[in-house]
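Following: one structure in structure tokens, then a few remarks.
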Amino acid sequence: MIAHPLLRSFQRAPMFALVVIVLVASVVAINASTFSAIHALRWKALPYANGEALMEMRGDMRKFGFIAGLNARIRDALAADHAHFSGVAGFTGAGQERIDANGQSWRLAQVTPGFEQVLGVAPMIGRSIVDEDAVEGADQVAVISDRAWRQRFDADPAVVGRIVDFGKMKLGVIGVMPPGFAFPDNQIDAWRPYIAGSNQRSFGDLEVVARAAPGTSVEQARAVLAGLIAHDKPLAELAVSAGIQANVRPWRERYASTHVQALGLLQLAALALLVVVVANLVNLHLDQLLARRREFGIRRALGASERAIAGDVAAGVMPPAIIGLALGLALTPSGLRAIVDHGLLPDLLPQGAAFGPATVIGGSVAMALIVVAVLFAAWFAQRRHDLSSRSGVAGMGRLRPALLVGQVMLTTILLGGSALLLRSAINLLSTDRGFNEQGVLMTMIDPLGVSVDNATYDAGFDRQRIRTMMEGIRDAVAGLPGVDHVAFADAPPFSHSEAVSTIRVPGMAETQNARSRVVSPGYFATLGIGLLAGREFTNADPGEAAPVIVDVAYQQRYLQGIDPLHAFVEVNEGGDSYRKARIIAVARTIKHEALDEAAGLPIVYEPVEAPAPVAFLLTHTSGDPRQLVESVRQRVLATQPGTVIMFNKPLADSVAETLAPRRALLEAIGGFGLATLLLAGIGLAAVLSFSIRRRTAELGLRLAIGATPARVRNLVLRQGAVLIAMGGVLGLVVGMPLARLLSDRLYRIAFTDTTSWLAAIVVVLLVASIACWLPARRAAATDPMVALRNE
């Protein structure tokens, strides 16, 4: 039967076949997943017409460490430059969430008219947003995604004209984008018109994407943007004071820049695991061939050709390898999902990462390397008589010791890298963040709905109204069971919000830049920000003579040798107007966006007189803040119906999200390191057992002429020690330079950290010693008479 030769390997050595299937499936799934993720990040086509011609236009605030949006005037000027750009679109609000009247969550983005023309993708139903939609007083409309059309409207072909009710905002559906379209990421459910505000004197809130005209390079586009900023007086002045620099990069880099290095490291670790698996499979296969060497000799004596024998050897490897390939490819989608879930691949990537040609290529290459290496090793061993001779290292042959040394080397490298990442993570988690995120629920609220219907906010007219609304919300939430503190802030830590202003420091001629924070009484207690001197704000502080609180960074920069509680600072009240404010306290310096961020601008806190129309509500509880999420939402809506809630989750989750890529890389490389350690241990035990089997007569003779079991045991242990020492030394020599690739992922630790590498060596030695002890003990128990009789 045709199937019989394919099943022969399972019939002859079922355990060998099972091990091949498991190991091949594992390394195929891992390598196919990592290769597919890298392919999606670097090479997979974006879901736009000629997506590689798209560029992201932005302003980088180098002094402050964040990105500035562009205003509509700059976008219009870029769009008018047909020599360099064939289309320019702007968008904002892509990270904001809305809940409709049915309780369904939507992600909405505001876009400038004609955005789909810039991207080269037209709606498949209805029309897109035009200039007439983006004016005050026009009907509010939206173009929805294919996913939203299918999930929210059951793919109704007559969806145009249907209304999505968001309370204060009702959007009429005018079109549906085709399947696969995503902009700026794959989480957006609908796009509505962007209406520019009246204040366009400074940098605005638009993120800009431009389609480069043929022949326009990134450098030319950057020069055009820099020129527009330099020739616009208000923007030029701000650019100088804030250190804003025009920056342009390919649109793909928006997603790839922060992830490609981590994925590259993951791929290297996956390849190292692949090499270790190959080495183990080679050893296993050589054991199989050793057991069959008498059979091969008989077949040669009967006239069998080397080609026939080689075909039989290949037939023993190929069927389980093919099954392993199929199983590994079947597991690859789960591997890709794990990579995304752990933050190593951005979940917002427009085109996504799915099973496809790249997956098959990656998996097939991995399997091909395994099969070729195993068959080559078999050929090498047969040709060089490595299966029968007792030459090489202590009778182990030449090939197997080399493979084992390589396994130990790779294991040392991976464990050393894991130790570096682990110590870095410990340093990062123990760093002083200046506040305590535990027990804090952070909720972004908009009682007036200015973020959804482009309503204007008149500080003079709406000041008292918004104050009454916010105080009502605060009092209502404070009455919830388990709530200890409630406070408002315009830009709390890890909220992705920022505010920078100018200040005048006594004794300094030029104005200085500082982070500006407007907070309510109770803010410092809510976030656990300790005061090193002075007191917190009270309800009596807001007003024309409102005091301020500064942080330690401010004190160290501007108040050396001065009692801070007797000092003043002039804070900006708009334009060139400043007021003198007394410093009443010094607060701990806090981290803003990441635990490993470098020291930045000092902070000046001002007491809130009337919260901004969009503000953060901070609620502290001694219990789990997750239990308050729904209670706070309901209490806010009951107090102020129609309030837009854009953000509502524990502050600890926001902090943890910044650590996710580091944690994922540590888990992946650490997991691969432990896997290679286990495989290296198994390989070491197998190689020593192989050596013992080949030297049975020698060991029996040694025991027969007076060698003690302890001496035989030590003989075997020395064999293993030589290989371990060689692999460990090579691991250090090769691993330390390679660890330089981890430098950007390390926090307060050098890639040559002695403690980390010593820890890796100790773990390798411990496991290797156990692996050596088992065959050494078996060798010491050899019966001399049985050994000599069986030889």
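Identifiers for the structure tokens are assigned positionally: chains receive A, B, ... in sequence, residues are indexed from 1 per chain, and ligands are indexed from 1 in the order shown.
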Requested in this report: Report as a list in words: the residues of range 51-159 of chain A with a DSSP assignment of alpha helix (DSSP H), based on the backbone of this structure.
Outcome: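 Across range 51-159 of chain A, those assigned alpha helix (DSSP H) are Ala72, Arg73, Ile74, Arg75, Asp76, Ala77, Leu78, Ala79, Ala80, Phe115, Glu116, Gln117, Val118, Leu119, Asp146, Arg147, Ala148, Trp149, Arg150, Gln151, Arg152 and Phe153 of chain A.
Using only C-alpha atoms, the protein and nucleic acid residues lying no more than 6 Å from range 427-436 of chain A, apart from those fewer than 5 places from it along its own chain, are Leu527, Gly528, Ile529, Arg588, Thr589, Ile590 and Lys591 of chain A.
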Print the selection's residues with C-alpha atoms to a file, as an mmCIF file, in the first residue's frame.
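Just written: part-v4.cif:
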```
data_model
loop_
_atom_site.group_PDB
_atom_site.id
_atom_site.type_symbol
_atom_site.label_atom_id
_atom_site.label_comp_id
_atom_site.auth_asym_id
_atom_site.auth_seq_id
_atom_site.Cartn_x
_atom_site.Cartn_y
_atom_site.Cartn_z
ATOM 1 C CA LEU A 527 -3.012 60.114 44.013
ATOM 2 C CA GLY A 528 -0.817 59.658 47.066
ATOM 3 C CA ILE A 529 1.580 62.397 45.966
ATOM 4 C CA ARG A 588 7.284 64.873 44.910
ATOM 5 C CA THR A 589 8.283 64.713 41.248
ATOM 6 C CA ILE A 590 6.103 62.246 39.366
ATOM 7 C CA LYS A 591 6.394 60.163 36.213
#
```
Find the residues around Thr643 in chain A up to 10 Å (only C-alpha atoms counted), leave out those fewer than 5 positions away in its own chain, and share them as a PDB file with N, CA and C atoms, in the first residue's frame.
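So around.pdb came out as:
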```
ATOM      1  N   GLY A 167     -26.979  60.644  22.093  1.00  0.00           N
ATOM      2  CA  GLY A 167     -27.532  61.602  23.041  1.00  0.00           C
ATOM      3  C   GLY A 167     -27.465  63.005  22.490  1.00  0.00           C
ATOM      4  N   LYS A 168     -26.475  63.780  22.901  1.00  0.00           N
ATOM      5  CA  LYS A 168     -26.333  65.154  22.421  1.00  0.00           C
ATOM      6  C   LYS A 168     -25.876  65.205  20.965  1.00  0.00           C
ATOM      7  N   ILE A 445     -14.347  62.943  31.576  1.00  0.00           N
ATOM      8  CA  ILE A 445     -15.757  63.314  31.390  1.00  0.00           C
ATOM      9  C   ILE A 445     -15.879  64.652  30.661  1.00  0.00           C
ATOM     10  N   ASP A 446     -17.010  64.782  29.962  1.00  0.00           N
ATOM     11  CA  ASP A 446     -17.319  65.989  29.187  1.00  0.00           C
ATOM     12  C   ASP A 446     -18.808  66.299  29.372  1.00  0.00           C
ATOM     13  N   PRO A 447     -19.183  66.991  30.448  1.00  0.00           N
ATOM     14  CA  PRO A 447     -20.610  67.240  30.725  1.00  0.00           C
ATOM     15  C   PRO A 447     -21.302  68.082  29.657  1.00  0.00           C
ATOM     16  N   LEU A 448     -20.585  69.019  29.027  1.00  0.00           N
ATOM     17  CA  LEU A 448     -21.206  69.897  28.026  1.00  0.00           C
ATOM     18  C   LEU A 448     -21.246  69.284  26.635  1.00  0.00           C
ATOM     19  N   GLY A 449     -20.534  68.208  26.431  1.00  0.00           N
ATOM     20  CA  GLY A 449     -20.507  67.579  25.115  1.00  0.00           C
ATOM     21  C   GLY A 449     -19.718  68.350  24.084  1.00  0.00           C
ATOM     22  N   VAL A 450     -18.739  69.144  24.517  1.00  0.00           N
ATOM     23  CA  VAL A 450     -17.976  69.937  23.555  1.00  0.00           C
ATOM     24  C   VAL A 450     -17.101  69.072  22.662  1.00  0.00           C
ATOM     25  N   MET A 469     -21.773  71.906  37.471  1.00  0.00           N
ATOM     26  CA  MET A 469     -21.870  70.529  36.976  1.00  0.00           C
ATOM     27  C   MET A 469     -20.796  69.631  37.606  1.00  0.00           C
ATOM     28  N   ARG A 633     -19.767  55.417  36.498  1.00  0.00           N
ATOM     29  CA  ARG A 633     -20.411  55.779  35.222  1.00  0.00           C
ATOM     30  C   ARG A 633     -21.890  56.099  35.430  1.00  0.00           C
ATOM     31  N   VAL A 636     -22.342  59.418  37.408  1.00  0.00           N
ATOM     32  CA  VAL A 636     -22.062  60.597  36.575  1.00  0.00           C
ATOM     33  C   VAL A 636     -23.242  60.890  35.660  1.00  0.00           C
ATOM     34  N   LEU A 637     -23.758  59.865  34.989  1.00  0.00           N
ATOM     35  CA  LEU A 637     -24.864  60.058  34.051  1.00  0.00           C
ATOM     36  C   LEU A 637     -26.154  60.423  34.768  1.00  0.00           C
ATOM     37  N   ALA A 638     -26.346  59.902  35.987  1.00  0.00           N
ATOM     38  CA  ALA A 638     -27.543  60.250  36.742  1.00  0.00           C
ATOM     39  C   ALA A 638     -27.494  61.702  37.203  1.00  0.00           C
TER      40      ALA A 638
END
```
Requested in this report: Show which residues sit within 10 Å of range 515-520 of chain A, as a ChimeraX atom specification. Count only C-alpha atoms, and ignore same-chain residues fewer than 3 positions away.
Outcome: /A:64,486-492,498-503,523-524,536-539,541-542,548-550,571-572,600-612,615-617
Requested in this report: Using CA of Val28 in chain A and CA of Pro737 in chain A as the two end points, give the distance in Å to one decimal.
Outcome: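 One can read the CA of Val28 in chain A to CA of Pro737 in chain A distance as 27.6 Å.
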Query raised in the report: With only C-alpha atoms as the basis for distance, which of A:Pro47, A:Gly114, A:Gly303, A:Gly727 is at the shortest distance from Val88 in chain A?
Result: A:Gly114
Requested in this report: Please provide as a PyMOL selection string all residues within 12 Å of Pro350 in chain A, with the sequence filter that same-chain residues fewer than 6 positions apart are discarded (counting only C-alpha atoms).
Outcome: chain A and resi 40-41+44-48+51+179-188+251-252+254-256
Query - Of the listed residues A:Ile30, A:Leu329, A:Val764, A:Ile370, that which approaches Pro357 in chain A most closely, counting only C-alpha atoms - result: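 The answer is A:Leu329, which sits nearest to Pro357 in chain A.
Every protein or nucleic acid residue with an atom no more than 8 Å from Asn280 in chain A, counting only C-alpha atoms and leaving out same-chain residues fewer than 2 positions away, appears here: A:Val276, A:Val277, A:Val278, A:Val282, A:Asn283, A:Leu284, A:Leu679, A:Ala680, A:Gly683.
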